[in-house]
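Let me begin by presenting the structure, written as structure tokens, before commenting on it.
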There are 2 protein chains.
Amino acid sequence: MVTSKPIKVKGQPIGEGKTPSIIVPLIGKTSDMVLAELNQVLGKRPDVIEWRADFFADIGKTDAVVELARRVKTVAGDTPLLFTIRSTEEGGQKISLTSDQVVELYSVVCRHRVADIVDYELGNAPERVDRVRSISKETDTTMIMSYHNFQDTPSWTVLTQKFGEAAKRGADIAKVAVMPKNLHDVLTLLAATLDANEALPIPLISMSMGAHGLPTRLFGWVFGSAATFAVGANSSAPGQIPIEALRQAAEVMRSGMIDE
Amino acid sequence: MVTSKPIKVKGQPIGEGKTPSIIVPLIGKTSDMVLAELNQVLGKRPDVIEWRADFFADIGKTDAVVELARRVKTVAGDTPLLFTIRSTEEGGQKISLTSDQVVELYSVVCRHRVADIVDYELGNAPERVDRVRSISKETDTTMIMSYHNFQDTPSWTVLTQKFGEAAKRGADIAKVAVMPKNLHDVLTLLAATLDANEALPIPLISMSMGAHGLPTRLFGWVFGSAATFAVGANSSAPGQIPIEALRQAAEVMRSGMIDE
């Protein structure tokens, strides 16, 4: 009955195909901080490690970025690494790079094979999205195309269009993260996820943020979200809860589903 | 942000007003079996004990019913007792009583003050519903008016009408339990609960049954359901999960909500 499709890396479903995959972010400012976070987080066995490189103070130094990504990937071992530069427009940190430099950095990271997955926003100019798609495809890197809205929750129509747009532009995974003002918005996000997941061939990741959105972080996977973001060491968005709590809740749900 | 209103007994919110209240059914055929179940269940600290009297072989003997209800209530102590005769039309056991005898048995149970809450179905003839309402009110017994559908999930419109009808007829609590065919039905039940709970002054209890409906048993309380049915010793409907698992999931949700 669970509809979510597993995330694939190099064509293979991660976590033996079991959803939800639990993704934990690393948000350190320095290499030492990122590596310390990584050590703290790995003991909690996340399914994916996300390095939010927009938090990295040396993001302007390409060599430093590649070097740190490589170290993180080496230490993470079999745990796939998701590389993300979140824009300020969609909740990221302010960085010194231009949009073209961001695309170039994604290219270098893909070409050095130091990330298994990259996340690039749908809100970027279409030619930039196409460029990151083309390089990630060449290098067999899984690509998430994402949409974030920290102000409110658009209508079901807009949400399903965002998922559809990502699929149409060739994303391997479509991600939608929005802010609910109330519980009706939470049901809108779940309904859009369920419908888009039935209509589209690719896995989706979706969530309502903040306290109202908590049910989607815990149970969105039942309605079609392949993954959920949890706190390993540090939170990167409002409403993320500890990885242990998330896993516990998923196990309760799974055990109940197996009973029948 | 949680919208569910607590169940009241003798005018006082139960469980210190914290939702969801966890209700566990007793479904023994004999007094010994019911009392054995009760002992097993009480150690798990449910918020309400439901005696499903339609399972009781001696339901035709009024004195036996009153006597057992009294013993259950005495042993249960501060834990409120919900007395229910579920009809076969709505998923109950076959019994020998006529509809009028069922009303009479509810009356006797209320007059002997051996139940804190009674559940009577909205599908009964209006004059019978009025009669049980009038006797339960006289005796300060909380009354649930309920609707069950083990075949499918009616539309949002029908579901909100059921809640509304219960409120209009003077119920203290409106209960709707339906069978989903898919996850869209589950979202319909949650949306109807959220909307009805905002529109009506009384607490609601709602659930989708079966494996698909599990999210509503675990998290329906966030969307306005005051209570959820769990397995203490034995299950009385498809999809009920153990009380420990349910409490654990609610705690995970609560701890996440308190964080912000």
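Residue numbering restarts at 1 for every chain of the structure tokens, chains are lettered A, B, ... in their displayed order, and ligands are numbered from 1 as they appear.
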
Give me, as a PDB file with N, CA and C atoms, in the first residue's frame, the contact residues of chain A against chain B at a cut-off of 8 Å, counting only C-alpha atoms.
ATOM      1  N   MET A   1       0.805  -1.225   0.000  1.00  0.00           N
ATOM      2  CA  MET A   1       0.000   0.000   0.000  1.00  0.00           C
ATOM      3  C   MET A   1       0.839   1.277   0.000  1.00  0.00           C
ATOM      4  N   ASN A 182      -1.599  26.254   8.143  1.00  0.00           N
ATOM      5  CA  ASN A 182      -2.565  25.508   8.952  1.00  0.00           C
ATOM      6  C   ASN A 182      -2.565  24.051   8.479  1.00  0.00           C
ATOM      7  N   LEU A 183      -3.425  23.244   9.088  1.00  0.00           N
ATOM      8  CA  LEU A 183      -3.444  21.820   8.757  1.00  0.00           C
ATOM      9  C   LEU A 183      -4.106  21.522   7.410  1.00  0.00           C
ATOM     10  N   HIS A 184      -4.920  22.458   6.924  1.00  0.00           N
ATOM     11  CA  HIS A 184      -5.472  22.286   5.574  1.00  0.00           C
ATOM     12  C   HIS A 184      -4.333  22.288   4.559  1.00  0.00           C
ATOM     13  N   LEU A 187      -2.686  18.920   4.407  1.00  0.00           N
ATOM     14  CA  LEU A 187      -3.430  17.938   3.603  1.00  0.00           C
ATOM     15  C   LEU A 187      -3.289  18.233   2.108  1.00  0.00           C
ATOM     16  N   LEU A 190       0.001  16.740   1.052  1.00  0.00           N
ATOM     17  CA  LEU A 190      -0.089  15.271   0.981  1.00  0.00           C
ATOM     18  C   LEU A 190      -0.890  14.829  -0.245  1.00  0.00           C
ATOM     19  N   ALA A 191      -1.987  15.531  -0.530  1.00  0.00           N
ATOM     20  CA  ALA A 191      -2.820  15.166  -1.692  1.00  0.00           C
ATOM     21  C   ALA A 191      -2.051  15.391  -2.990  1.00  0.00           C
ATOM     22  N   LEU A 194       0.516  12.576  -3.303  1.00  0.00           N
ATOM     23  CA  LEU A 194      -0.125  11.304  -3.665  1.00  0.00           C
ATOM     24  C   LEU A 194      -0.504  11.290  -5.141  1.00  0.00           C
ATOM     25  N   GLY A 210       7.901  23.242   9.468  1.00  0.00           N
ATOM     26  CA  GLY A 210       7.373  23.801  10.706  1.00  0.00           C
ATOM     27  C   GLY A 210       6.581  22.786  11.517  1.00  0.00           C
ATOM     28  N   ALA A 211       5.998  23.268  12.619  1.00  0.00           N
ATOM     29  CA  ALA A 211       5.298  22.373  13.541  1.00  0.00           C
ATOM     30  C   ALA A 211       4.074  21.736  12.893  1.00  0.00           C
ATOM     31  N   HIS A 212       3.298  22.530  12.142  1.00  0.00           N
ATOM     32  CA  HIS A 212       2.123  21.961  11.480  1.00  0.00           C
ATOM     33  C   HIS A 212       2.490  20.829  10.530  1.00  0.00           C
ATOM     34  N   LEU A 214       4.768  18.575  10.697  1.00  0.00           N
ATOM     35  CA  LEU A 214       5.394  17.390  11.273  1.00  0.00           C
ATOM     36  C   LEU A 214       4.804  16.059  10.772  1.00  0.00           C
ATOM     37  N   PRO A 215       3.470  15.952  10.640  1.00  0.00           N
ATOM     38  CA  PRO A 215       2.940  14.688  10.120  1.00  0.00           C
ATOM     39  C   PRO A 215       3.545  14.298   8.768  1.00  0.00           C
ATOM     40  N   PHE A 219       5.127  10.796   8.145  1.00  0.00           N
ATOM     41  CA  PHE A 219       4.300   9.860   7.371  1.00  0.00           C
ATOM     42  C   PHE A 219       4.090  10.200   5.930  1.00  0.00           C
ATOM     43  N   PHE A 223       2.323   8.458   1.668  1.00  0.00           N
ATOM     44  CA  PHE A 223       1.589   9.142   0.600  1.00  0.00           C
ATOM     45  C   PHE A 223       2.461   9.457  -0.615  1.00  0.00           C
ATOM     46  N   GLY A 239      11.228  22.370  11.639  1.00  0.00           N
ATOM     47  CA  GLY A 239      10.360  21.194  11.747  1.00  0.00           C
ATOM     48  C   GLY A 239      11.096  19.872  11.673  1.00  0.00           C
ATOM     49  N   ILE A 241      13.058  16.750  12.829  1.00  0.00           N
ATOM     50  CA  ILE A 241      13.143  16.131  14.151  1.00  0.00           C
ATOM     51  C   ILE A 241      14.286  15.122  14.175  1.00  0.00           C
ATOM     52  N   ALA A 245      13.809   9.524  16.415  1.00  0.00           N
ATOM     53  CA  ALA A 245      12.355   9.646  16.565  1.00  0.00           C
ATOM     54  C   ALA A 245      11.666   9.299  15.251  1.00  0.00           C
ATOM     55  N   LEU A 246      12.262   9.781  14.176  1.00  0.00           N
ATOM     56  CA  LEU A 246      11.695   9.532  12.860  1.00  0.00           C
ATOM     57  C   LEU A 246      11.687   8.042  12.517  1.00  0.00           C
ATOM     58  N   GLN A 248      11.775   5.574  14.620  1.00  0.00           N
ATOM     59  CA  GLN A 248      10.847   4.916  15.537  1.00  0.00           C
ATOM     60  C   GLN A 248       9.401   5.000  14.998  1.00  0.00           C
ATOM     61  N   ALA A 249       9.027   6.196  14.576  1.00  0.00           N
ATOM     62  CA  ALA A 249       7.668   6.391  14.065  1.00  0.00           C
ATOM     63  C   ALA A 249       7.443   5.572  12.792  1.00  0.00           C
ATOM     64  N   VAL A 252       6.852   1.949  13.745  1.00  0.00           N
ATOM     65  CA  VAL A 252       5.500   1.732  14.268  1.00  0.00           C
ATOM     66  C   VAL A 252       4.522   1.588  13.104  1.00  0.00           C
ATOM     67  N   MET A 253       4.648   2.485  12.146  1.00  0.00           N
ATOM     68  CA  MET A 253       3.759   2.441  10.982  1.00  0.00           C
ATOM     69  C   MET A 253       3.962   1.156  10.200  1.00  0.00           C
ATOM     70  N   GLY A 256       2.529  -1.970  11.856  1.00  0.00           N
ATOM     71  CA  GLY A 256       1.070  -1.986  11.738  1.00  0.00           C
ATOM     72  C   GLY A 256       0.615  -2.414  10.358  1.00  0.00           C
ATOM     73  N   MET A 257       1.369  -2.002   9.348  1.00  0.00           N
ATOM     74  CA  MET A 257       0.975  -2.330   7.982  1.00  0.00           C
ATOM     75  C   MET A 257       1.208  -3.795   7.659  1.00  0.00           C
ATOM     76  N   GLU A 260      -1.540  -6.789   8.500  1.00  0.00           N
ATOM     77  CA  GLU A 260      -2.731  -7.190   7.729  1.00  0.00           C
ATOM     78  C   GLU A 260      -2.389  -7.732   6.355  1.00  0.00           C
TER      79      GLU A 260
END

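Residues lying within 9 Å of segment 87-95 of chain A, counting only C-alpha atoms and ignoring same-chain neighbours fewer than 3 positions away, are Arg52, Asp54, Phe55, Phe56, Ala57, Ile59, Gly60, Thr98, Glu121, Gly123, Tyr147, His148, Asn149, Phe150 and Ala237 of chain A.
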
Go ahead and save the picked residues with N, CA, C and O atoms, as an mmCIF file, in the first residue's frame.
data_model
loop_
_atom_site.group_PDB
_atom_site.id
_atom_site.type_symbol
_atom_site.label_atom_id
_atom_site.label_comp_id
_atom_site.auth_asym_id
_atom_site.auth_seq_id
_atom_site.Cartn_x
_atom_site.Cartn_y
_atom_site.Cartn_z
ATOM 1 N N ARG A 52 25.210 20.558 2.770
ATOM 2 C CA ARG A 52 24.671 21.858 2.353
ATOM 3 C C ARG A 52 25.856 22.815 2.190
ATOM 4 O O ARG A 52 26.240 23.529 3.128
ATOM 5 N N ASP A 54 26.225 25.541 0.756
ATOM 6 C CA ASP A 54 26.033 27.002 0.887
ATOM 7 C C ASP A 54 26.392 27.485 2.297
ATOM 8 O O ASP A 54 26.600 28.678 2.508
ATOM 9 N N PHE A 55 26.477 26.574 3.269
ATOM 10 C CA PHE A 55 26.926 26.951 4.619
ATOM 11 C C PHE A 55 28.455 27.033 4.717
ATOM 12 O O PHE A 55 28.991 27.556 5.693
ATOM 13 N N PHE A 56 29.160 26.501 3.743
ATOM 14 C CA PHE A 56 30.624 26.370 3.798
ATOM 15 C C PHE A 56 31.288 27.721 3.478
ATOM 16 O O PHE A 56 31.060 28.303 2.410
ATOM 17 N N ALA A 57 32.100 28.198 4.411
ATOM 18 C CA ALA A 57 32.709 29.534 4.258
ATOM 19 C C ALA A 57 33.615 29.610 3.027
ATOM 20 O O ALA A 57 33.702 30.646 2.375
ATOM 21 N N ILE A 59 33.237 28.276 0.110
ATOM 22 C CA ILE A 59 32.553 27.811 -1.108
ATOM 23 C C ILE A 59 33.124 28.479 -2.358
ATOM 24 O O ILE A 59 33.039 27.942 -3.468
ATOM 25 N N GLY A 60 33.753 29.640 -2.177
ATOM 26 C CA GLY A 60 34.364 30.334 -3.311
ATOM 27 C C GLY A 60 35.636 29.641 -3.824
ATOM 28 O O GLY A 60 36.110 29.935 -4.921
ATOM 29 N N THR A 98 28.299 33.794 -8.314
ATOM 30 C CA THR A 98 27.238 34.152 -9.254
ATOM 31 C C THR A 98 26.495 32.875 -9.651
ATOM 32 O O THR A 98 26.967 31.759 -9.388
ATOM 33 N N GLU A 121 17.830 23.835 -8.028
ATOM 34 C CA GLU A 121 16.455 24.335 -7.959
ATOM 35 C C GLU A 121 15.810 24.581 -9.321
ATOM 36 O O GLU A 121 16.423 25.159 -10.211
ATOM 37 N N GLY A 123 13.730 26.733 -9.887
ATOM 38 C CA GLY A 123 13.559 28.168 -10.071
ATOM 39 C C GLY A 123 14.711 28.824 -10.837
ATOM 40 O O GLY A 123 14.626 29.994 -11.213
ATOM 41 N N TYR A 147 11.881 22.556 -5.411
ATOM 42 C CA TYR A 147 11.125 23.807 -5.232
ATOM 43 C C TYR A 147 10.879 23.991 -3.737
ATOM 44 O O TYR A 147 10.359 23.093 -3.081
ATOM 45 N N HIS A 148 11.253 25.146 -3.195
ATOM 46 C CA HIS A 148 11.033 25.445 -1.780
ATOM 47 C C HIS A 148 10.234 26.727 -1.647
ATOM 48 O O HIS A 148 10.449 27.669 -2.400
ATOM 49 N N ASN A 149 9.349 26.748 -0.677
ATOM 50 C CA ASN A 149 8.599 27.978 -0.392
ATOM 51 C C ASN A 149 8.474 28.097 1.128
ATOM 52 O O ASN A 149 7.751 27.315 1.752
ATOM 53 N N PHE A 150 9.227 29.028 1.700
ATOM 54 C CA PHE A 150 9.238 29.208 3.158
ATOM 55 C C PHE A 150 8.141 30.165 3.636
ATOM 56 O O PHE A 150 8.016 30.406 4.826
ATOM 57 N N ALA A 237 16.320 23.101 8.436
ATOM 58 C CA ALA A 237 15.026 23.713 8.099
ATOM 59 C C ALA A 237 14.057 23.504 9.262
ATOM 60 O O ALA A 237 14.194 22.550 10.025
#

To one decimal in Å, tell me the separation between atom CA of Leu105 of chain B and atom CA of Ala166 of chain B.
->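 Computing it gives 21.1 Å between the two atoms.
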
Close residues, segment 4-21 of chain A itself excluded, 9 Å, only C-alpha atoms, min 3 positions apart in chain, as a PDB file with C-alpha atoms, in the first residue's frame:
ATOM      1  CA  PRO A  46      21.194   7.814   7.913  1.00  0.00           C
ATOM      2  CA  ASP A  47      20.369   6.617   4.382  1.00  0.00           C
ATOM      3  CA  VAL A  48      21.778   9.738   2.724  1.00  0.00           C
ATOM      4  CA  THR A  79      26.169   6.106   2.526  1.00  0.00           C
ATOM      5  CA  PRO A  80      25.363   8.201  -0.558  1.00  0.00           C
ATOM      6  CA  ASP A 116      26.217  10.650  -5.680  1.00  0.00           C
ATOM      7  CA  ILE A 117      23.269  13.029  -5.878  1.00  0.00           C
ATOM      8  CA  ASP A 140      25.948   9.167 -13.662  1.00  0.00           C
ATOM      9  CA  THR A 141      25.029  11.501 -10.804  1.00  0.00           C
ATOM     10  CA  THR A 142      21.409  11.371  -9.605  1.00  0.00           C
ATOM     11  CA  ASP A 172      15.628  11.753 -11.397  1.00  0.00           C
ATOM     12  CA  ILE A 173      13.809  12.988  -8.290  1.00  0.00           C
ATOM     13  CA  LEU A 194      -0.125  11.304  -3.665  1.00  0.00           C
ATOM     14  CA  ASN A 197       3.385  10.221  -7.411  1.00  0.00           C
ATOM     15  CA  PRO A 201       7.409   7.782 -13.094  1.00  0.00           C
ATOM     16  CA  ILE A 202      10.087   9.316 -10.826  1.00  0.00           C
ATOM     17  CA  PRO A 203      10.401   9.284  -7.028  1.00  0.00           C
ATOM     18  CA  LEU A 204       9.253  12.402  -5.182  1.00  0.00           C
ATOM     19  CA  ILE A 205      10.385  14.014  -1.968  1.00  0.00           C
ATOM     20  CA  PHE A 219       4.300   9.860   7.371  1.00  0.00           C
ATOM     21  CA  GLY A 220       4.661  11.604   4.031  1.00  0.00           C
ATOM     22  CA  TRP A 221       6.350   8.423   2.785  1.00  0.00           C
ATOM     23  CA  VAL A 222       3.057   6.550   2.997  1.00  0.00           C
ATOM     24  CA  PHE A 223       1.589   9.142   0.600  1.00  0.00           C
ATOM     25  CA  GLY A 224       4.441   9.023  -1.900  1.00  0.00           C
ATOM     26  CA  SER A 225       7.447  10.893  -0.519  1.00  0.00           C
ATOM     27  CA  ALA A 226      10.564   8.761  -0.938  1.00  0.00           C
ATOM     28  CA  ALA A 227      12.600  10.521   1.721  1.00  0.00           C
ATOM     29  CA  THR A 228      12.426  12.697   4.780  1.00  0.00           C
ATOM     30  CA  PHE A 229      14.985  15.056   6.303  1.00  0.00           C
ATOM     31  CA  ALA A 250       8.317   4.745  10.693  1.00  0.00           C
TER      32      ALA A 250
END

Extract, using only C-alpha atoms, all DNA, RNA and protein residues at most 9 Å from Phe163 of chain B, discarding same-chain residues fewer than 3 positions from it, and format them as an MDAnalysis selection string.
-> chainID B and resid 145:147 158:160 166:168 173:176 192:193 196:197 200 204

Those selected residues, please, written with C-alpha atoms and delivered as a CSV table (one decimal), in the first residue's frame.
chain,number,residue,atom,x,y,z
B,145,MET,CA,-23.4,9.0,18.2
B,146,SER,CA,-21.6,6.9,15.7
B,147,TYR,CA,-21.4,6.0,12.0
B,158,VAL,CA,-21.4,12.7,3.4
B,159,LEU,CA,-18.7,12.4,6.1
B,160,THR,CA,-19.1,16.0,7.3
B,166,ALA,CA,-24.6,13.8,15.5
B,167,ALA,CA,-24.0,17.4,16.7
B,168,LYS,CA,-27.5,18.4,15.7
B,173,ILE,CA,-19.2,13.2,20.8
B,174,ALA,CA,-19.5,12.3,17.1
B,175,LYS,CA,-17.7,9.2,15.8
B,176,VAL,CA,-17.1,8.2,12.1
B,192,ALA,CA,-13.7,15.9,6.6
B,193,THR,CA,-12.5,15.5,10.3
B,196,ALA,CA,-16.1,19.3,10.8
B,197,ASN,CA,-14.0,19.8,13.9
B,200,LEU,CA,-18.8,21.9,15.3
B,204,LEU,CA,-15.0,14.1,17.2

Mind the document's chain letters and residue numbers, and return as a PyMOL selection string the residues of segment 59-236 of chain B that DSSP labels strand (DSSP E).
-> chain B and resi 81-84+117-121+142-149+173-178+204-208+227-229

Near Glu104 of chain B, within 12 Å and counting only C-alpha atoms, which residues show up once chain neighbours fewer than 3 positions away are dropped, as a PyMOL selection string?
-> chain B and resi 60-62+85+97-101+107-111+128-129+131-132+135-136

State, in Å with one decimal place, the distance from atom CA of Lys181 of chain B to atom CA of Ala199 of chain A.
->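 The value is 18.2 Å.
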